[in-house]
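The file final_26.cif contains mmCIF, C-alpha atoms:
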```cif
data_structure
loop_
_atom_site.group_PDB
_atom_site.id
_atom_site.type_symbol
_atom_site.label_atom_id
_atom_site.label_comp_id
_atom_site.auth_asym_id
_atom_site.auth_seq_id
_atom_site.Cartn_x
_atom_site.Cartn_y
_atom_site.Cartn_z
ATOM 1 C CA MET A 3 0.000 0.000 0.000
ATOM 2 C CA PRO A 4 1.384 3.440 -0.821
ATOM 3 C CA GLU A 5 2.484 5.437 2.160
ATOM 4 C CA THR A 6 -0.149 7.972 3.250
ATOM 5 C CA PRO A 7 -0.062 10.819 5.790
ATOM 6 C CA LEU A 8 -1.408 8.508 8.502
ATOM 7 C CA MET A 9 1.653 6.268 8.349
ATOM 8 C CA ARG A 10 5.181 6.649 9.594
ATOM 9 C CA ASP A 11 7.564 4.175 7.975
ATOM 10 C CA ASN A 12 9.961 2.807 10.581
ATOM 11 C CA GLY A 13 12.163 1.042 8.068
ATOM 12 C CA PRO A 14 13.138 -2.137 6.118
ATOM 13 C CA VAL A 15 -18.386 -9.385 16.502
ATOM 14 C CA ASN A 16 -21.928 -10.407 15.589
ATOM 15 C CA HIS A 17 -19.362 -13.108 15.793
ATOM 16 C CA ALA A 18 -19.001 -13.431 12.037
ATOM 17 C CA ASP A 19 -18.179 -9.744 11.739
ATOM 18 C CA GLN A 20 -15.552 -9.628 14.444
ATOM 19 C CA ASP A 21 -12.092 -8.946 13.035
ATOM 20 C CA ALA A 22 -9.194 -10.230 15.028
ATOM 21 C CA PRO A 23 -6.624 -12.749 13.978
ATOM 22 C CA ALA A 24 -5.759 -15.873 15.847
ATOM 23 C CA VAL A 25 -2.374 -16.684 17.251
ATOM 24 C CA PRO A 26 -0.510 -18.364 14.347
ATOM 25 C CA GLU A 27 -0.124 -22.098 14.422
ATOM 26 C CA GLU A 28 3.211 -23.530 15.538
ATOM 27 C CA GLY A 29 5.759 -23.186 12.769
ATOM 28 C CA GLN A 30 3.740 -20.578 10.949
ATOM 29 C CA THR A 31 5.665 -17.479 9.986
ATOM 30 C CA LYS A 32 4.409 -14.057 9.061
ATOM 31 C CA ASP A 33 5.289 -14.718 5.422
ATOM 32 C CA SER A 34 3.336 -17.987 5.401
ATOM 33 C CA LYS A 35 0.057 -16.535 6.601
ATOM 34 C CA GLY A 36 -1.220 -15.698 3.141
ATOM 35 C CA SER A 37 -3.102 -12.537 2.222
ATOM 36 C CA ARG A 38 -2.849 -9.575 4.582
ATOM 37 C CA LEU A 39 -6.649 -9.315 4.551
ATOM 38 C CA HIS A 40 -7.306 -13.031 4.953
ATOM 39 C CA PRO A 41 -4.440 -14.779 6.804
ATOM 40 C CA ARG A 42 -4.518 -18.574 6.732
ATOM 41 C CA VAL A 43 -5.373 -18.995 10.427
ATOM 42 C CA THR A 44 -7.798 -16.400 11.726
ATOM 43 C CA SER A 45 -10.235 -15.855 14.553
ATOM 44 C CA PHE A 46 -12.753 -14.340 12.166
ATOM 45 C CA ARG A 47 -14.867 -16.183 9.648
ATOM 46 C CA SER A 48 -14.102 -15.162 6.091
ATOM 47 C CA ARG A 49 -17.197 -13.490 4.651
ATOM 48 C CA ARG A 50 -17.763 -11.983 1.265
ATOM 49 C CA GLY A 51 -20.379 -9.567 0.057
ATOM 50 C CA ALA A 52 -20.815 -6.937 -2.606
ATOM 51 C CA LEU A 53 -21.442 -3.321 -1.684
ATOM 52 C CA THR A 54 -24.648 -1.623 -2.696
ATOM 53 C CA ALA A 55 -24.339 1.310 -5.083
ATOM 54 C CA ALA A 56 -24.890 3.749 -2.216
ATOM 55 C CA GLN A 57 -22.276 2.012 -0.064
ATOM 56 C CA GLN A 58 -19.752 2.069 -2.900
ATOM 57 C CA GLU A 59 -20.313 5.781 -3.439
ATOM 58 C CA SER A 60 -19.805 6.490 0.257
ATOM 59 C CA TRP A 61 -16.727 4.251 0.248
ATOM 60 C CA ASP A 62 -15.227 6.093 -2.722
ATOM 61 C CA ARG A 63 -15.786 9.462 -1.075
ATOM 62 C CA GLN A 64 -14.422 8.596 2.355
ATOM 63 C CA TRP A 65 -11.956 5.731 2.161
ATOM 64 C CA PRO A 66 -9.018 7.802 0.850
ATOM 65 C CA GLU A 67 -9.275 10.078 3.888
ATOM 66 C CA ILE A 68 -10.446 7.942 6.801
ATOM 67 C CA GLY A 69 -9.749 4.352 5.708
ATOM 68 C CA ALA A 70 -6.675 2.219 5.105
ATOM 69 C CA ASP A 71 -5.628 -1.401 4.716
ATOM 70 C CA VAL A 72 -3.233 -3.035 7.138
ATOM 71 C CA SER A 73 0.461 -2.449 6.492
ATOM 72 C CA ASP A 74 3.873 -2.698 8.121
ATOM 73 C CA ASN A 75 4.025 1.049 8.755
ATOM 74 C CA ARG A 76 3.503 2.533 12.188
ATOM 75 C CA LEU A 77 0.383 4.666 12.477
ATOM 76 C CA ASP A 78 0.832 8.378 12.939
ATOM 77 C CA ALA A 79 -2.535 8.871 14.604
ATOM 78 C CA PRO A 80 -2.248 12.623 15.277
ATOM 79 C CA SER A 81 -1.594 13.277 11.581
ATOM 80 C CA TRP A 82 -4.422 10.989 10.462
ATOM 81 C CA PHE A 83 -6.971 12.547 12.812
ATOM 82 C CA GLY A 84 -5.580 16.057 12.571
ATOM 83 C CA ARG A 85 -5.245 16.292 16.343
ATOM 84 C CA ASP A 86 -3.547 14.661 19.329
ATOM 85 C CA ALA A 87 -6.147 12.944 21.520
ATOM 86 C CA PRO A 88 -6.597 9.739 23.553
ATOM 87 C CA LEU A 89 -6.539 6.800 21.138
ATOM 88 C CA ILE A 90 -8.934 3.841 21.368
ATOM 89 C CA LEU A 91 -8.756 0.739 19.179
ATOM 90 C CA GLU A 92 -11.879 -1.343 18.557
ATOM 91 C CA ILE A 93 -11.154 -4.848 17.324
ATOM 92 C CA GLY A 94 -13.930 -6.321 15.202
ATOM 93 C CA SER A 95 -16.273 -3.389 14.662
ATOM 94 C CA GLY A 96 -18.739 -5.404 12.576
ATOM 95 C CA THR A 97 -21.284 -3.063 10.999
ATOM 96 C CA GLY A 98 -20.177 -0.246 13.295
ATOM 97 C CA THR A 99 -23.321 0.311 15.356
ATOM 98 C CA ALA A 100 -21.438 0.410 18.661
ATOM 99 C CA THR A 101 -18.473 2.165 17.062
ATOM 100 C CA ALA A 102 -20.517 5.121 15.863
ATOM 101 C CA ALA A 103 -22.551 5.467 19.042
ATOM 102 C CA MET A 104 -19.532 5.357 21.338
ATOM 103 C CA ALA A 105 -17.539 7.760 19.155
ATOM 104 C CA LYS A 106 -20.394 10.274 19.296
ATOM 105 C CA ALA A 107 -20.537 9.865 23.079
ATOM 106 C CA GLU A 108 -16.781 10.537 23.335
ATOM 107 C CA PRO A 109 -15.950 13.358 20.908
ATOM 108 C CA HIS A 110 -12.709 13.996 22.807
ATOM 109 C CA VAL A 111 -11.166 10.630 21.797
ATOM 110 C CA ASN A 112 -9.764 9.307 18.526
ATOM 111 C CA LEU A 113 -11.286 5.927 17.675
ATOM 112 C CA ILE A 114 -9.834 3.410 15.207
ATOM 113 C CA ALA A 115 -12.133 0.559 14.152
ATOM 114 C CA VAL A 116 -10.533 -2.616 12.794
ATOM 115 C CA GLU A 117 -12.637 -4.987 10.681
ATOM 116 C CA VAL A 118 -12.048 -7.444 7.857
ATOM 117 C CA TYR A 119 -15.610 -7.538 6.473
ATOM 118 C CA ARG A 120 -15.853 -4.862 3.769
ATOM 119 C CA PRO A 121 -19.671 -4.508 3.715
ATOM 120 C CA GLY A 122 -19.579 -3.976 7.482
ATOM 121 C CA LEU A 123 -17.000 -1.233 7.078
ATOM 122 C CA ALA A 124 -19.109 0.264 4.297
ATOM 123 C CA GLN A 125 -22.099 0.504 6.626
ATOM 124 C CA LEU A 126 -19.918 2.245 9.204
ATOM 125 C CA LEU A 127 -18.621 4.676 6.581
ATOM 126 C CA GLN A 128 -22.193 5.508 5.608
ATOM 127 C CA GLN A 129 -23.075 6.258 9.226
ATOM 128 C CA ILE A 130 -19.949 8.369 9.696
ATOM 129 C CA GLU A 131 -20.911 10.392 6.641
ATOM 130 C CA ARG A 132 -24.596 10.653 7.502
ATOM 131 C CA ASP A 133 -24.021 11.690 11.129
ATOM 132 C CA GLU A 134 -20.858 13.715 10.411
ATOM 133 C CA ILE A 135 -18.765 11.843 12.988
ATOM 134 C CA PRO A 136 -15.251 13.315 12.844
ATOM 135 C CA ASN A 137 -13.364 11.105 15.320
ATOM 136 C CA ILE A 138 -13.439 7.660 13.652
ATOM 137 C CA ARG A 139 -10.860 6.109 11.339
ATOM 138 C CA VAL A 140 -11.092 2.568 9.949
ATOM 139 C CA LEU A 141 -8.564 -0.145 9.150
ATOM 140 C CA ARG A 142 -9.389 -3.204 7.080
ATOM 141 C CA GLY A 143 -7.532 -6.398 7.900
ATOM 142 C CA ASP A 144 -6.083 -8.586 10.599
ATOM 143 C CA ALA A 145 -6.189 -6.969 14.033
ATOM 144 C CA MET A 146 -3.122 -8.820 15.297
ATOM 145 C CA ASP A 147 -1.284 -7.445 12.290
ATOM 146 C CA VAL A 148 -2.430 -3.976 13.325
ATOM 147 C CA LEU A 149 -1.329 -4.460 16.930
ATOM 148 C CA GLU A 150 2.024 -5.962 16.025
ATOM 149 C CA ASN A 151 3.055 -3.684 13.181
ATOM 150 C CA MET A 152 1.010 -0.483 13.198
ATOM 151 C CA ILE A 153 0.466 0.444 16.853
ATOM 152 C CA GLU A 154 3.293 1.913 18.908
ATOM 153 C CA PRO A 155 3.934 0.396 22.342
ATOM 154 C CA GLU A 156 2.212 2.262 25.173
ATOM 155 C CA SER A 157 0.206 4.458 22.793
ATOM 156 C CA LEU A 158 -3.396 3.309 23.348
ATOM 157 C CA THR A 159 -5.761 4.673 25.969
ATOM 158 C CA GLY A 160 -8.146 1.793 25.419
ATOM 159 C CA VAL A 161 -8.912 -1.384 23.500
ATOM 160 C CA ARG A 162 -12.411 -2.759 22.904
ATOM 161 C CA VAL A 163 -13.234 -6.315 21.830
ATOM 162 C CA PHE A 164 -16.982 -6.887 21.645
ATOM 163 C CA PHE A 165 -18.359 -10.367 20.923
ATOM 164 C CA PRO A 166 -15.323 -12.058 19.386
ATOM 165 C CA ASP A 167 -16.111 -15.324 17.648
ATOM 166 C CA PRO A 168 -16.146 -18.046 20.358
ATOM 167 C CA TRP A 169 -15.230 -20.878 17.981
ATOM 168 C CA PRO A 170 -17.142 -23.309 20.234
ATOM 169 C CA LYS A 171 -15.799 -26.580 18.820
ATOM 170 C CA ALA A 172 -12.732 -27.783 20.703
ATOM 171 C CA ARG A 173 -10.724 -28.337 17.524
ATOM 172 C CA HIS A 174 -11.205 -24.656 16.669
ATOM 173 C CA HIS A 175 -10.194 -23.210 20.038
ATOM 174 C CA LYS A 176 -6.752 -22.335 18.636
ATOM 175 C CA ARG A 177 -8.541 -19.788 16.448
ATOM 176 C CA ARG A 178 -9.873 -17.819 19.380
ATOM 177 C CA LEU A 179 -8.528 -14.307 19.534
ATOM 178 C CA LEU A 180 -8.374 -13.777 23.268
ATOM 179 C CA GLN A 181 -5.600 -16.054 24.433
ATOM 180 C CA SER A 182 -2.558 -15.316 26.590
ATOM 181 C CA PRO A 183 -0.282 -14.037 23.763
ATOM 182 C CA THR A 184 -2.967 -11.614 22.617
ATOM 183 C CA PHE A 185 -3.459 -10.250 26.115
ATOM 184 C CA ALA A 186 0.297 -9.705 26.391
ATOM 185 C CA LEU A 187 0.356 -7.863 23.065
ATOM 186 C CA ILE A 188 -2.634 -5.680 23.932
ATOM 187 C CA ALA A 189 -1.140 -4.864 27.327
ATOM 188 C CA SER A 190 2.129 -3.811 25.683
ATOM 189 C CA ARG A 191 0.224 -1.351 23.469
ATOM 190 C CA LEU A 192 -1.780 0.205 26.290
ATOM 191 C CA LYS A 193 -0.543 3.217 28.179
ATOM 192 C CA ALA A 194 -0.219 2.908 31.935
ATOM 193 C CA GLY A 195 -3.745 3.315 33.244
ATOM 194 C CA GLY A 196 -5.255 2.307 29.894
ATOM 195 C CA VAL A 197 -8.219 -0.047 29.712
ATOM 196 C CA LEU A 198 -9.170 -3.275 27.938
ATOM 197 C CA HIS A 199 -12.935 -3.820 27.671
ATOM 198 C CA VAL A 200 -14.276 -7.174 26.475
ATOM 199 C CA ALA A 201 -17.869 -8.345 26.066
ATOM 200 C CA THR A 202 -19.062 -11.839 25.154
ATOM 201 C CA ASP A 203 -22.322 -13.808 25.191
ATOM 202 C CA HIS A 204 -20.571 -17.198 25.302
ATOM 203 C CA ALA A 205 -20.305 -18.476 28.881
ATOM 204 C CA GLU A 206 -17.469 -20.952 28.400
ATOM 205 C CA TYR A 207 -15.402 -18.488 26.370
ATOM 206 C CA ALA A 208 -16.008 -15.858 29.059
ATOM 207 C CA GLU A 209 -14.340 -18.140 31.605
ATOM 208 C CA VAL A 210 -11.367 -18.697 29.297
ATOM 209 C CA ILE A 211 -11.055 -14.979 28.612
ATOM 210 C CA ALA A 212 -11.226 -14.121 32.302
ATOM 211 C CA GLU A 213 -8.538 -16.675 33.183
ATOM 212 C CA ALA A 214 -6.163 -15.458 30.468
ATOM 213 C CA GLY A 215 -6.738 -11.792 31.236
ATOM 214 C CA ASN A 216 -6.291 -12.246 34.970
ATOM 215 C CA ALA A 217 -3.025 -14.097 34.331
ATOM 216 C CA GLU A 218 -1.498 -11.220 32.338
ATOM 217 C CA PRO A 219 0.936 -9.504 34.750
ATOM 218 C CA LEU A 220 0.527 -6.051 33.186
ATOM 219 C CA LEU A 221 -3.256 -6.070 33.658
ATOM 220 C CA THR A 222 -5.193 -5.694 36.885
ATOM 221 C CA SER A 223 -8.699 -5.021 38.156
ATOM 222 C CA LEU A 224 -9.723 -1.485 37.323
ATOM 223 C CA ASP A 225 -9.808 0.424 40.615
ATOM 224 C CA TRP A 226 -9.396 3.932 39.191
ATOM 225 C CA GLU A 227 -11.583 6.120 37.025
ATOM 226 C CA SER A 228 -11.643 4.736 33.513
ATOM 227 C CA PRO A 229 -10.320 7.006 30.751
ATOM 228 C CA MET A 230 -13.097 5.796 28.412
ATOM 229 C CA THR A 231 -16.778 4.958 28.586
ATOM 230 C CA HIS A 232 -17.953 1.382 29.096
ATOM 231 C CA GLU A 233 -21.523 2.130 28.041
ATOM 232 C CA ARG A 234 -22.351 0.155 24.913
ATOM 233 C CA PRO A 235 -25.478 0.429 22.788
ATOM 234 C CA VAL A 236 -27.483 -2.771 22.452
ATOM 235 C CA THR A 237 -26.972 -3.908 18.877
ATOM 236 C CA LYS A 238 -29.287 -6.197 16.891
ATOM 237 C CA PHE A 239 -26.830 -9.010 17.490
ATOM 238 C CA GLU A 240 -26.826 -8.495 21.240
ATOM 239 C CA ASP A 241 -30.619 -8.181 21.300
ATOM 240 C CA LYS A 242 -30.865 -11.623 19.660
ATOM 241 C CA ALA A 243 -28.566 -13.022 22.336
ATOM 242 C CA HIS A 244 -30.860 -11.603 25.027
ATOM 243 C CA GLN A 245 -33.899 -13.114 23.324
ATOM 244 C CA VAL A 246 -32.452 -16.630 23.484
ATOM 245 C CA GLY A 247 -31.418 -16.169 27.108
ATOM 246 C CA SER A 248 -27.672 -15.723 26.633
ATOM 247 C CA ALA A 249 -26.043 -13.755 29.434
ATOM 248 C CA ILE A 250 -23.672 -10.966 28.443
ATOM 249 C CA THR A 251 -20.366 -10.979 30.319
ATOM 250 C CA GLU A 252 -18.424 -7.721 30.554
ATOM 251 C CA LEU A 253 -14.718 -8.026 31.398
ATOM 252 C CA ILE A 254 -12.645 -4.930 32.113
ATOM 253 C CA TRP A 255 -8.965 -4.632 32.997
ATOM 254 C CA GLY A 256 -6.618 -1.708 33.505
ATOM 255 C CA LYS A 257 -2.923 -1.599 32.750
ATOM 256 C CA ILE A 258 -0.892 -1.249 35.913
ATOM 257 C CA ARG A 259 0.153 2.336 36.578
ATOM 258 C CA SER A 260 3.360 1.722 38.508
#
```
As structure tokens, what does this structure read like?
Amino acid sequence: MPETPLMRDNGPVNHADQDAPAVPEEGQTKDSKGSRLHPRVTSFRSRRGALTAAQQESWDRQWPEIGADVSDNRLDAPSWFGRDAPLILEIGSGTGTATAAMAKAEPHVNLIAVEVYRPGLAQLLQQIERDEIPNIRVLRGDAMDVLENMIEPESLTGVRVFFPDPWPKARHHKRRLLQSPTFALIASRLKAGGVLHVATDHAEYAEVIAEAGNAEPLLTSLDWESPMTHERPVTKFEDKAHQVGSAITELIWGKIRS
């Protein structure tokens, strides 16, 4: 991808919509993962879909300014947003319902939404344009790729992961996003006092997430005022979960401040 003003080159969900890559299988290298948008082993389900004419028009107008594909270049968030503000990363934004609502509720923060599903991103772009939301930028691709290669250490005020795919079959558990290595990576990207907010409707996965998060030495129970809101809108996906009796588990950690 050509270098754009948002990048600094440092040298040589609805479960199906959630974008976040799995920890690579043993022996798998970065070069063996395949396409940057669809790595071989992922924690998201590969979905395809054409954009409507209206979505394509909105995409064409906005993508050059507020969208980008994953790359190996570090993000220069202040240049991309045109201001220096607390930075929040949402992993797996889906169709962007929560993204847009939370960005409007926090106009003082810069919010980057990461998603692999292009029609979902297109719906978010339409809402950004319709509601004139200035503080959202979007990245298309593998969220682990974003965390590893695009996000500076200790640069994030918050990370949100809402309804990651639980991959319920035991043989697929390796595809789950929220495992110990991912918690370590997220923690390394958070500023001291920053927050990780996770929500899931899958009880067994919630237990696994809680165990892995509690075991990360850089994360602790949040006993100070959070630098970001934890109020989420109820999306259509979450409403369906409520209707079938699925409990929603909210898990929140803070990065140790000393």
(request) Would you kindly return, as a ChimeraX atom specification, each protein, DNA or RNA residue with an atom no farther than 8 Å from any atom of Pro235 (chain A), considering all atoms listed in the file and excluding same-chain residues fewer than 2 positions away? (result) /A:99-100,103-104,233,237
Write to file, as a PDB file, in the frame of the given file, the residues of the selection just made, with C-alpha atoms.
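Output contents, as saved in out-v2.pdb:
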```
ATOM      1  CA  THR A  99     -23.321   0.311  15.356  1.00  0.00           C
ATOM      2  CA  ALA A 100     -21.438   0.410  18.661  1.00  0.00           C
ATOM      3  CA  ALA A 103     -22.551   5.467  19.042  1.00  0.00           C
ATOM      4  CA  MET A 104     -19.532   5.357  21.338  1.00  0.00           C
ATOM      5  CA  GLU A 233     -21.523   2.130  28.041  1.00  0.00           C
ATOM      6  CA  THR A 237     -26.972  -3.908  18.877  1.00  0.00           C
TER       7      THR A 237
END
```
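In this comparison, which uses all atoms listed in the file, the residue of A:Lys193, A:Arg139, A:Arg120, A:Arg173 approaching Thr101 (chain A) most closely is A:Arg139.
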(request) With a distance cut-off of 12 Å and all atoms listed in the file, select the neighbouring residues of Arg132 (chain A), excluding the residue or stretch itself and same-chain residues fewer than 4 positions from it, and output the selection as a PyMOL selection string. (result) chain A and resi 56-57+60+64+102+125-128+136
Would you save the residues of that selection, restricted to C-alpha atoms, as a CSV table (one decimal), in the coordinates of the input?
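Saved to part_16.csv:
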```csv
chain,number,residue,atom,x,y,z
A,56,ALA,CA,-24.9,3.7,-2.2
A,57,GLN,CA,-22.3,2.0,-0.1
A,60,SER,CA,-19.8,6.5,0.3
A,64,GLN,CA,-14.4,8.6,2.4
A,102,ALA,CA,-20.5,5.1,15.9
A,125,GLN,CA,-22.1,0.5,6.6
A,126,LEU,CA,-19.9,2.2,9.2
A,127,LEU,CA,-18.6,4.7,6.6
A,128,GLN,CA,-22.2,5.5,5.6
A,136,PRO,CA,-15.3,13.3,12.8
```
(message) Which residues, named as in the file, does the PyMOL selection byres ((chain A and resi 116) around 12) pick out? Answer as a PyMOL selection string.
(response) chain A and resi 15+19-23+39+46+69-72+90-98+101+113-115+117-120+122-123+126+138-149+152+161-164
Which residues match the PyMOL selection byres ((chain A and resi 249) around 10) in the file above, as a compact mmCIF listing (two decimals) with C-alpha atoms, in the coordinates of the input?
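The file below, result_13.txt, is the result:
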```
# COMPACT_ATOMS: atom_id res chain seq x y z
CA THR A 202 -19.06 -11.84 25.15
CA ASP A 203 -22.32 -13.81 25.19
CA HIS A 204 -20.57 -17.20 25.30
CA ALA A 205 -20.30 -18.48 28.88
CA GLU A 240 -26.83 -8.49 21.24
CA ALA A 243 -28.57 -13.02 22.34
CA HIS A 244 -30.86 -11.60 25.03
CA GLN A 245 -33.90 -13.11 23.32
CA VAL A 246 -32.45 -16.63 23.48
CA GLY A 247 -31.42 -16.17 27.11
CA SER A 248 -27.67 -15.72 26.63
CA ILE A 250 -23.67 -10.97 28.44
CA THR A 251 -20.37 -10.98 30.32
CA GLU A 252 -18.42 -7.72 30.55
```
(message) For a test of reading the model, state the distance in Å between CA of Phe239 (chain A) and CA of Ser182 (chain A), rounded to one decimal.
(response) 26.7 Å
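If you look at CA of Gln181 (chain A) and CA of Ala214 (chain A), they are 6.1 Å away from each other.
Between Glu131 (chain A) and the candidates A:Phe185, A:Tyr207, A:Trp65, A:Phe83, the tightest atom-to-atom separation, counting all atoms listed in the file, involves A:Trp65.
Here CA of Glu209 (chain A) stands at a distance of 25.0 Å from CA of Glu227 (chain A).
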Which centre and which edge lengths, in Å to one decimal, describe the axis-aligned box that holds all listed atoms of region 192-211 of chain A after 6 Å is added on each side, as lines of an AutoDock Vina configuration file?
```
center_x = -11.3
center_y = -8.8
center_z = 29.2
size_x = 34.1
size_y = 36.3
size_z = 20.1
```
